[in-house]
Structures are given as structure tokens and as C-alpha cells.
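Student: Dropping in model.cif, which is mmCIF, C-alpha atoms:
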```
data_protein
#
loop_
_atom_site.label_atom_id
_atom_site.label_comp_id
_atom_site.auth_asym_id
_atom_site.auth_seq_id
_atom_site.Cartn_x
_atom_site.Cartn_y
_atom_site.Cartn_z
CA MET N 1 1.65 24.90 -2.13
CA ASN N 2 2.18 22.15 -4.73
CA VAL N 3 5.17 19.99 -3.84
CA PHE N 4 6.97 17.34 -5.89
CA ILE N 5 8.85 14.63 -4.00
CA SER N 6 11.05 11.93 -5.49
CA GLY N 7 13.95 9.68 -4.49
CA GLY N 8 14.88 6.03 -4.22
CA CYS N 9 12.64 3.27 -2.93
CA LYS N 10 12.22 2.81 0.86
CA ASN N 11 13.90 6.09 1.69
CA GLY N 12 11.07 7.62 3.69
CA LYS N 13 9.32 9.53 0.88
CA SER N 14 5.78 8.48 1.83
CA PHE N 15 6.17 9.28 5.52
CA TYR N 16 7.71 12.66 4.72
CA ALA N 17 4.92 13.38 2.22
CA GLN N 18 2.19 12.40 4.70
CA ARG N 19 3.53 14.81 7.32
CA LEU N 20 3.83 17.58 4.76
CA ALA N 21 0.28 17.08 3.42
CA ARG N 22 -1.14 16.99 6.95
CA ARG N 23 0.71 20.20 7.82
CA GLN N 24 -0.73 21.91 4.74
CA ALA N 25 -4.26 20.84 5.74
CA VAL N 26 -3.82 21.96 9.36
CA GLU N 27 -2.36 25.33 8.39
CA ALA N 28 -5.14 26.03 5.91
CA GLY N 29 -7.87 24.43 8.01
CA SER N 30 -8.88 22.41 4.94
CA PRO N 31 -9.79 18.76 4.36
CA LEU N 32 -6.97 16.24 3.93
CA TYR N 33 -7.16 13.71 1.10
CA TYR N 34 -5.10 10.66 0.28
CA ILE N 35 -5.29 9.65 -3.37
CA ALA N 36 -4.86 5.86 -3.38
CA THR N 37 -3.44 4.90 -6.78
CA MET N 38 -3.10 1.16 -6.43
CA ILE N 39 -5.59 -1.02 -8.32
CA PRO N 40 -5.77 -4.31 -6.39
CA HIS N 41 -5.50 -7.44 -8.52
CA ASP N 42 -5.18 -10.19 -5.93
CA GLU N 43 -5.24 -10.98 -2.21
CA GLU N 44 -1.62 -9.81 -1.82
CA ASP N 45 -2.62 -6.35 -3.10
CA HIS N 46 -5.66 -6.24 -0.81
CA ALA N 47 -3.45 -7.13 2.15
CA ARG N 48 -1.02 -4.34 1.20
CA ILE N 49 -3.87 -1.84 0.95
CA ARG N 50 -5.19 -2.90 4.38
CA ARG N 51 -1.68 -2.41 5.80
CA HIS N 52 -1.42 1.07 4.25
CA LEU N 53 -4.86 2.01 5.61
CA THR N 54 -3.80 0.94 9.11
CA GLU N 55 -0.57 2.92 8.79
CA ARG N 56 -2.50 6.07 7.87
CA ASP N 57 -5.11 5.49 10.57
CA GLY N 58 -5.40 8.50 12.85
CA TRP N 59 -3.73 10.91 10.42
CA GLY N 60 -7.06 12.40 9.37
CA PHE N 61 -6.90 11.40 5.72
CA THR N 62 -10.01 10.83 3.65
CA THR N 63 -9.00 8.13 1.16
CA LEU N 64 -9.98 8.68 -2.47
CA GLU N 65 -9.59 5.64 -4.72
CA CYS N 66 -8.17 6.68 -8.06
CA GLY N 67 -6.08 4.31 -10.15
CA LYS N 68 -6.92 6.09 -13.43
CA ASN N 69 -8.44 9.36 -14.74
CA LEU N 70 -7.04 11.59 -12.03
CA LEU N 71 -9.05 14.67 -13.03
CA SER N 72 -12.36 12.82 -12.56
CA LEU N 73 -11.75 13.07 -8.80
CA LEU N 74 -12.54 16.77 -8.99
CA ASP N 75 -15.98 16.03 -10.54
CA ASP N 76 -17.09 14.61 -7.20
CA PRO N 77 -18.98 17.43 -5.39
CA GLN N 78 -17.81 15.95 -2.05
CA VAL N 79 -14.17 16.67 -2.95
CA VAL N 80 -13.01 20.22 -2.16
CA PRO N 81 -10.35 21.26 -4.74
CA SER N 82 -8.76 23.71 -2.30
CA GLY N 83 -8.10 20.86 0.15
CA ALA N 84 -4.70 19.33 0.85
CA PHE N 85 -4.05 16.29 -1.37
CA LEU N 86 -1.41 13.60 -1.22
CA LEU N 87 -0.89 11.64 -4.46
CA ASP N 88 1.27 8.58 -3.81
CA SER N 89 2.38 7.73 -6.39
CA VAL N 90 2.85 9.16 -9.87
CA THR N 91 4.69 5.92 -10.65
CA ALA N 92 1.62 3.73 -9.98
CA LEU N 93 -0.73 6.09 -11.80
CA LEU N 94 1.36 5.98 -14.97
CA SER N 95 1.73 2.22 -14.73
CA ASN N 96 -2.09 1.79 -14.42
CA GLU N 97 -2.69 3.95 -17.47
CA MET N 98 0.16 2.63 -19.58
CA PHE N 99 -0.37 -1.11 -19.01
CA ASP N 100 -3.93 -2.44 -18.60
CA GLU N 101 -4.99 -5.59 -16.72
CA ARG N 102 -4.06 -7.78 -19.67
CA GLY N 103 -0.66 -6.12 -19.99
CA GLU N 104 -1.66 -4.19 -23.14
CA PHE N 105 0.58 -1.18 -23.69
CA ASP N 106 -0.89 2.28 -24.34
CA PRO N 107 1.74 4.51 -26.01
CA ASP N 108 -0.35 7.69 -25.47
CA ALA N 109 -0.62 7.24 -21.70
CA ALA N 110 2.55 9.14 -20.82
CA ASN N 111 1.45 12.35 -22.56
CA ARG N 112 -2.07 12.08 -21.13
CA ILE N 113 -0.81 11.57 -17.56
CA ARG N 114 1.63 14.45 -17.85
CA GLY N 115 -1.24 16.74 -18.84
CA ASP N 116 -3.54 15.35 -16.10
CA LEU N 117 -0.94 15.85 -13.39
CA THR N 118 -0.05 19.44 -14.24
CA GLU N 119 -3.74 20.30 -14.63
CA PHE N 120 -4.50 18.69 -11.26
CA ALA N 121 -1.73 20.80 -9.69
CA ALA N 122 -3.18 23.96 -11.24
CA LYS N 123 -6.76 23.14 -10.16
CA THR N 124 -5.90 22.22 -6.57
CA GLY N 125 -2.85 24.23 -5.50
CA SER N 126 -2.06 22.25 -2.38
CA THR N 127 -1.04 18.80 -3.60
CA VAL N 128 1.98 16.74 -2.63
CA PHE N 129 3.03 14.47 -5.52
CA VAL N 130 5.25 11.46 -4.80
CA SER N 131 7.26 9.78 -7.56
CA ASP N 132 10.15 7.33 -7.77
CA TYR N 133 13.62 8.05 -9.02
CA ILE N 134 14.38 5.10 -11.34
CA TYR N 135 16.92 6.70 -13.67
CA SER N 136 20.36 5.80 -12.37
CA ASP N 137 20.81 2.11 -12.94
CA ALA N 138 22.91 0.23 -15.48
CA CYS N 139 20.31 -2.36 -16.54
CA GLU N 140 18.84 -2.64 -20.02
CA TYR N 141 15.09 -2.92 -20.37
CA SER N 142 12.57 -3.93 -23.02
CA GLU N 143 11.25 -1.19 -25.30
CA THR N 144 7.98 -0.77 -23.38
CA VAL N 145 9.72 -0.59 -20.00
CA GLU N 146 12.13 1.98 -21.43
CA ALA N 147 9.13 3.95 -22.74
CA TYR N 148 7.67 3.80 -19.24
CA ARG N 149 10.88 5.18 -17.69
CA GLN N 150 11.00 7.92 -20.28
CA GLY N 151 7.31 8.75 -19.74
CA LEU N 152 7.69 8.88 -15.97
CA ALA N 153 10.73 11.15 -16.32
CA ALA N 154 8.71 13.51 -18.53
CA ALA N 155 5.88 13.59 -15.96
CA ASP N 156 8.38 14.18 -13.15
CA ARG N 157 10.02 17.04 -15.01
CA ALA N 158 6.68 18.66 -15.85
CA LEU N 159 5.62 18.46 -12.20
CA ALA N 160 9.00 19.72 -10.98
CA SER N 161 8.55 22.68 -13.29
CA VAL N 162 5.04 23.65 -12.08
CA CYS N 163 5.37 22.82 -8.38
CA GLU N 164 6.55 25.55 -6.01
CA ARG N 165 8.81 23.10 -4.21
CA VAL N 166 10.88 20.09 -5.38
CA ILE N 167 12.38 17.77 -2.79
CA GLU N 168 14.56 14.69 -3.11
CA ILE N 169 14.40 12.31 -0.15
CA SER N 170 17.28 10.03 0.62
CA GLY N 171 17.74 8.16 3.87
CA GLY N 172 14.70 10.00 5.21
CA MET N 173 16.47 13.34 4.75
CA GLU N 174 15.47 16.11 2.43
CA GLU N 175 17.43 17.76 -0.34
CA ILE N 176 15.67 20.89 -1.52
CA TRP N 177 16.02 21.38 -5.30
CA LYS N 178 13.51 24.19 -5.59
CA MET G 1 36.23 21.48 -17.50
CA ILE G 2 32.66 21.39 -16.33
CA LEU G 3 31.08 18.03 -15.52
CA ILE G 4 27.30 17.62 -15.62
CA PHE G 5 25.80 14.36 -14.44
CA GLY G 6 22.44 12.90 -13.44
CA GLY G 7 20.09 10.03 -14.19
CA ALA G 8 18.63 9.17 -17.60
CA TYR G 9 16.02 11.56 -19.10
CA GLN G 10 16.63 14.25 -16.46
CA GLY G 11 17.34 17.13 -18.85
CA LYS G 12 21.14 17.27 -18.53
CA LEU G 13 21.76 18.58 -22.05
CA ASP G 14 19.00 21.21 -21.78
CA TYR G 15 20.50 22.38 -18.51
CA ALA G 16 23.99 22.52 -20.04
CA LYS G 17 22.79 24.53 -23.05
CA LYS G 18 20.85 26.94 -20.86
CA ASN G 19 23.72 27.65 -18.50
CA PHE G 20 26.88 27.46 -20.58
CA ASP G 21 28.03 28.78 -23.91
CA ILE G 22 27.56 25.66 -26.06
CA LYS G 23 27.41 25.94 -29.82
CA THR G 24 28.37 22.43 -30.85
CA VAL G 25 27.64 19.10 -29.19
CA CYS G 26 29.23 15.72 -29.83
CA ASP G 27 26.72 12.97 -29.02
CA CYS G 28 28.36 9.73 -27.87
CA SER G 29 25.23 7.98 -26.58
CA ASP G 30 25.33 5.51 -29.48
CA GLY G 31 28.89 4.52 -28.63
CA ALA G 32 30.89 6.99 -30.72
CA ALA G 33 34.25 8.17 -29.38
CA PRO G 34 34.19 11.77 -28.09
CA ASP G 35 35.29 14.38 -30.61
CA PHE G 36 36.75 17.21 -28.54
CA ALA G 37 36.37 19.71 -31.37
CA ALA G 38 32.82 20.25 -30.02
CA ASP G 39 32.07 22.56 -27.07
CA ALA G 40 30.21 19.85 -25.18
CA ILE G 41 30.45 16.07 -25.14
CA TYR G 42 27.12 14.42 -24.39
CA GLY G 43 26.16 10.80 -23.65
CA ILE G 44 29.66 9.81 -22.56
CA GLU G 45 28.15 6.70 -20.93
CA GLY G 46 27.43 5.38 -24.46
CA PHE G 47 31.12 5.45 -25.29
CA VAL G 48 31.91 3.89 -21.90
CA LYS G 49 29.46 1.10 -22.63
CA ARG G 50 31.25 0.29 -25.88
CA CYS G 51 34.60 0.26 -24.04
CA ALA G 52 33.07 -2.05 -21.43
CA MET G 53 31.75 -4.46 -24.07
CA ARG G 54 35.23 -4.76 -25.54
CA ARG G 55 36.75 -5.16 -22.08
CA TYR G 56 34.26 -7.93 -21.29
CA GLU G 57 35.14 -9.70 -24.51
CA ALA G 58 38.87 -9.36 -23.80
CA LEU G 59 38.43 -10.71 -20.27
CA THR G 60 36.19 -13.67 -21.04
CA GLY G 61 36.66 -14.41 -24.73
CA LYS G 62 32.84 -14.32 -24.96
CA GLU G 63 30.63 -12.02 -26.98
CA PRO G 64 28.64 -9.74 -24.67
CA GLU G 65 24.87 -10.37 -24.71
CA LYS G 66 24.13 -6.68 -25.10
CA GLN G 67 25.69 -4.76 -27.92
CA VAL G 68 25.58 -0.99 -28.10
CA LYS G 69 23.33 -0.04 -30.97
CA ARG G 70 26.05 1.18 -33.28
CA GLN G 71 29.19 -0.73 -33.99
CA SER G 72 32.37 1.25 -34.26
CA PRO G 73 32.53 3.18 -37.51
CA GLU G 74 36.22 3.69 -36.87
CA SER G 75 38.71 0.98 -37.57
CA VAL G 76 40.20 1.71 -34.14
CA LEU G 77 38.91 -0.49 -31.34
CA PRO G 78 37.52 1.27 -28.27
CA PRO G 79 39.95 1.42 -25.32
CA LEU G 80 39.77 -1.12 -22.49
CA GLU G 81 39.46 1.55 -19.79
CA ALA G 82 37.55 4.77 -20.44
CA ALA G 83 39.06 6.67 -17.48
CA ASP G 84 42.62 6.10 -18.76
CA TRP G 85 41.60 7.10 -22.28
CA PHE G 86 40.30 10.41 -20.92
CA SER G 87 43.37 10.99 -18.74
CA GLU G 88 45.64 10.59 -21.76
CA ARG G 89 43.68 13.32 -23.56
CA ARG G 90 43.41 15.81 -20.70
CA LYS G 91 44.59 18.76 -22.83
CA ALA G 92 41.80 18.19 -25.37
CA TRP G 93 38.90 18.47 -22.89
CA GLN G 94 40.29 20.93 -20.34
CA ASP G 95 37.91 23.70 -21.41
CA LYS G 96 34.92 21.53 -22.39
CA VAL G 97 31.53 20.71 -20.89
CA LEU G 98 31.31 16.96 -20.30
CA ILE G 99 27.87 15.42 -19.80
CA MET G 100 27.20 11.87 -18.62
CA THR G 101 24.51 9.66 -17.10
CA ASP G 102 25.01 8.28 -13.62
CA VAL G 103 24.28 4.53 -13.75
CA SER G 104 25.65 3.70 -10.32
CA GLN G 105 22.38 3.22 -8.44
CA GLY G 106 19.77 0.50 -8.69
CA ILE G 107 20.35 -3.22 -8.56
CA VAL G 108 23.46 -4.94 -9.88
CA PRO G 109 22.75 -6.04 -13.47
CA MET G 110 22.39 -9.78 -14.16
CA ASP G 111 24.40 -9.37 -17.37
CA PRO G 112 28.12 -9.52 -16.48
CA ALA G 113 29.05 -7.19 -19.37
CA LEU G 114 26.70 -4.55 -17.94
CA ARG G 115 28.40 -4.95 -14.56
CA VAL G 116 31.70 -4.10 -16.26
CA PHE G 117 30.00 -1.05 -17.79
CA ARG G 118 28.51 0.09 -14.49
CA GLU G 119 31.89 0.02 -12.75
CA MET G 120 33.82 1.58 -15.62
CA ASN G 121 31.32 4.43 -15.82
CA GLY G 122 31.70 5.02 -12.08
CA ARG G 123 35.50 5.13 -12.28
CA LEU G 124 35.37 7.65 -15.12
CA MET G 125 32.82 9.86 -13.35
CA LEU G 126 34.98 9.91 -10.22
CA ARG G 127 38.07 10.85 -12.19
CA LEU G 128 36.32 13.57 -14.18
CA ALA G 129 34.67 15.01 -11.06
CA ALA G 130 38.07 15.21 -9.37
CA GLU G 131 39.52 17.08 -12.37
CA ALA G 132 36.53 19.37 -12.98
CA SER G 133 36.49 23.01 -11.96
CA GLU G 134 32.72 22.75 -11.60
CA VAL G 135 30.42 19.76 -11.12
CA HIS G 136 26.65 20.02 -11.57
CA ARG G 137 23.99 17.43 -10.84
CA VAL G 138 20.65 17.49 -12.65
CA PHE G 139 17.48 16.15 -10.98
CA CYS G 140 14.06 16.27 -12.71
CA GLY G 141 15.15 19.12 -14.97
CA ILE G 142 16.69 21.16 -12.16
CA GLY G 143 20.45 21.53 -11.86
CA LYS G 144 22.58 22.23 -8.84
CA ARG G 145 26.26 22.98 -8.58
CA VAL G 146 27.81 20.41 -6.24
CA LYS G 147 31.46 21.41 -6.71
#
```
What is this structure when it is put down as C-alpha cells?

Tutor:
Amino acid sequence: MNVFISGGCKNGKSFYAQRLARRQAVEAGSPLYYIATMIPHDEEDHARIRRHLTERDGWGFTTLECGKNLLSLLDDPQVVPSGAFLLDSVTALLSNEMFDERGEFDPDAANRIRGDLTEFAAKTGSTVFVSDYIYSDACEYSETVEAYRQGLAAADRALASVCERVIEISGGMEEIWK
Amino acid sequence: MILIFGGAYQGKLDYAKKNFDIKTVCDCSDGAAPDFAADAIYGIEGFVKRCAMRRYEALTGKEPEKQVKRQSPESVLPPLEAADWFSERRKAWQDKVLIMTDVSQGIVPMDPALRVFREMNGRLMLRLAAEASEVHRVFCGIGKRVK
């Protein structure tokens, strides 16, 4: 089952998603993949990645590095498309594609990512997507940041529409929307 | 009255049109005052923001850093408190669909005028939710009746 999870920061989304993905793998007897979306830029990022790897240690995840071009993952013959995937997060993936290392802005990234994500859902069928709910604040942002929010919302809505289940996590608790 | 709320870009208007009989929509997201001749009032937070900018100016005597895109086309100044303005016009919106963005989460804005906006929007949403016969929340394109 494809599942879309969103909610505020530090509310327990990742932990919830990890358990759900593992359960899907165990029930189907299929491999369990973690799609790591962060592209490390400095030592702080590397340290964060090491911490995340330690936290996932023992869960049975095979980590797949993929900061960009999500669909290229499925070209790897080692990767079984019917496996259970955890993509954490849609937010980072869009950010990697929309702003490159030099901070250059790609206005087409949002549409591309939206297509990639829904196609990935269709080609796999057992993916847990994690995004961030960043739509209820009163701040005003620059045009590119606003385009990013709008693009992420469009990706979220497309995923919520194709996934069999949509869950909002707040305070570690689930609210089932679909 | 039916209140529909949710974050920005969540599909609140689509949800409203799909589920309720809406032929005409008044869009206030650029700051315009609601015209209750329409079946639905959308982007109420835009009107609230304009009220908040005036309130900030009245309180501090300073021009707010952020101005809503459109300045008032009317000669009438926006009210100082959006919730009171709505209460005074209860009869006009009793059978309408009111749609607004929830801006209550996230960090407190650095800009003091936006802090006024954030609080004023919250007060109005509370008051409208209390008065509404139905309240719906929209999340990633999916709506749910919460009252």
C-alpha cells in the first residue's frame, strides 16, 4: 500500500513511517529500502547522516542514496520495485531539485518532482512518503521560497490523491485522512 | 454558515466547490472587503491582513513593513478588528460558505505587523467556528468535517 504522511516538524513522523514501512516489508516478505534524500554539503551534514544511520541500525533497511532523479533508483537491477520503500522526505527531494549547490533556482522542478513521485508510487505500490506540513504560518517569504511552498503543496496533494492512505501525525499520534 | 479552513495551497476552494452549491465566489485574498452577495467568500485572511496593517499603523503610528498587494479601492478604511466587523454583519453571511487560511502555526513572525495579523486571524477564525453550523478542515486536498 502507498501511504502519504505529513505533519509538523519533530512530531514523530519519521519514527511512525519507519515502523509502517517495516511492517509492510515483513507482511509481504519483501526487501525494505530507505531512500536517503539528503545531499551532504559539509561535516555537519555528514554527522547528521551518521546519526540517522545509527538510529536506523537494526531495522533491516537497505539505504539507497537518492537526492535527485528519484525514478533512476528503479533502473538499478539490485532494487526490487515490489519491495517496501520509505522516502523521507519529499521536502528534501524538492529542495535538492529546485535549488542547486550554488543556490540557482529551477522553476520547472516542482512539476517534474510531482510527476516523478506519482510515477514512483505507481511503479512500486508499497512506498511510504514523508512530507512536511509548512502551510499554516503567518510569515511572508521571498518569491522563490513561496514558489517552493506552492510546489511542495502540489506534490503533497498529488501524492495524497494517488496513495491509498493519507495520515497526519501530530504529537506522535495519527489522524487518518484517507 | 459553513466555515472551511486549512493551510495555504491545500485545495480549500476546490473542496468547497465540490461539496457545496457555490455559483459565485468573492475573492478577498488581495485584501478586498467581503461582498456577501456571493455564495462563498474566499481568502478572508487577505482582508484580515489589511485590517491588521491598519491596526498596526493606528497602534504605533508607523507604516507596516509589509503591505498587502492591493491598496483599498474603497474610500472606506478597513476596520481595526476583523472579528467585530463580521459580528456586526452576521445577517449578511448567515447562509454563506466562508473560506480562510489558518496562519496560526509556525514560528512567530519577526515583523510586528504580521504578529498583529496572525492574532487577528485567529480571533476571527475562533468566532466564525463558534457561529458556524458546519466546520470543515482541508489537508492536502482532502476535507473533513470537524463540527

Student: Hey, could you make a per-residue contact list for region 51-101 of chain N against region 141-156 of chain N with 12 Å as the cut-off, showing the nearest pair of atoms and its distance in Å to one decimal, counting only C-alpha atoms, sorted by chain and number, as a Markdown table?

Tutor:
```
| residue | atom | partner | partner_atom | distance |
| --- | --- | --- | --- | --- |
| N:Ser89 | CA | N:Leu152 | CA | 11.0 |
| N:Val90 | CA | N:Leu152 | CA | 7.8 |
| N:Thr91 | CA | N:Leu152 | CA | 6.8 |
| N:Ala92 | CA | N:Leu152 | CA | 10.0 |
| N:Leu93 | CA | N:Leu152 | CA | 9.8 |
| N:Leu94 | CA | N:Leu152 | CA | 7.0 |
| N:Ser95 | CA | N:Tyr148 | CA | 7.6 |
| N:Asn96 | CA | N:Tyr148 | CA | 11.1 |
| N:Glu97 | CA | N:Tyr148 | CA | 10.5 |
| N:Met98 | CA | N:Tyr148 | CA | 7.6 |
| N:Phe99 | CA | N:Tyr148 | CA | 9.4 |
```

Student: Give as a short mmCIF file (atom, residue, chain, number, x, y, z; two decimals) with C-alpha atoms, in the frame of the given file every residue of chain N that touches chain G within 8 Å, counting all atoms listed in the file.

Tutor:
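Written output follows (iface.cif):
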```cif
data_model
loop_
_atom_site.label_atom_id
_atom_site.label_comp_id
_atom_site.auth_asym_id
_atom_site.auth_seq_id
_atom_site.Cartn_x
_atom_site.Cartn_y
_atom_site.Cartn_z
CA ILE N 134 14.38 5.10 -11.34
CA TYR N 135 16.92 6.70 -13.67
CA SER N 136 20.36 5.80 -12.37
CA ASP N 137 20.81 2.11 -12.94
CA ALA N 138 22.91 0.23 -15.48
CA CYS N 139 20.31 -2.36 -16.54
CA GLN N 150 11.00 7.92 -20.28
CA ALA N 153 10.73 11.15 -16.32
CA ALA N 154 8.71 13.51 -18.53
CA ASP N 156 8.38 14.18 -13.15
CA ARG N 157 10.02 17.04 -15.01
CA ALA N 160 9.00 19.72 -10.98
CA SER N 161 8.55 22.68 -13.29
CA TRP N 177 16.02 21.38 -5.30
CA LYS N 178 13.51 24.19 -5.59
#
```

Student: Provide the CA of Ala132 (chain G) to CA of Asp95 (chain G) distance in Å, to one decimal place.

Tutor: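 For CA of Ala132 (chain G) relative to CA of Asp95 (chain G), the distance reads 9.6 Å.
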
Student: Step by step, work through what the PyMOL selection byres ((chain N and resi 28-30) around 9) selects in the shown file, and finish by giving those residues as a list in words.

Tutor: Arg23, Gln24, Ala25, Val26, Glu27, Pro31, Leu32, Val80, Ser82, Gly83 and Ala84 of chain N

Student: So that I have them on file, write out the residues from the current selection with C-alpha atoms, as an mmCIF file, in the frame of the given file.

Tutor:
```cif
data_model
loop_
_atom_site.group_PDB
_atom_site.id
_atom_site.type_symbol
_atom_site.label_atom_id
_atom_site.label_comp_id
_atom_site.auth_asym_id
_atom_site.auth_seq_id
_atom_site.Cartn_x
_atom_site.Cartn_y
_atom_site.Cartn_z
ATOM 1 C CA ARG N 23 0.710 20.200 7.820
ATOM 2 C CA GLN N 24 -0.730 21.910 4.740
ATOM 3 C CA ALA N 25 -4.260 20.840 5.740
ATOM 4 C CA VAL N 26 -3.820 21.960 9.360
ATOM 5 C CA GLU N 27 -2.360 25.330 8.390
ATOM 6 C CA PRO N 31 -9.790 18.760 4.360
ATOM 7 C CA LEU N 32 -6.970 16.240 3.930
ATOM 8 C CA VAL N 80 -13.010 20.220 -2.160
ATOM 9 C CA SER N 82 -8.760 23.710 -2.300
ATOM 10 C CA GLY N 83 -8.100 20.860 0.150
ATOM 11 C CA ALA N 84 -4.700 19.330 0.850
#
```

Student: Could you tell me which residues the PyMOL selection byres ((chain G and resi 82-86) around 12) grabs in this file, written as a PyMOL selection string?

Tutor: chain G and resi 31+33-36+44-55+78-81+87-94+98+116-131
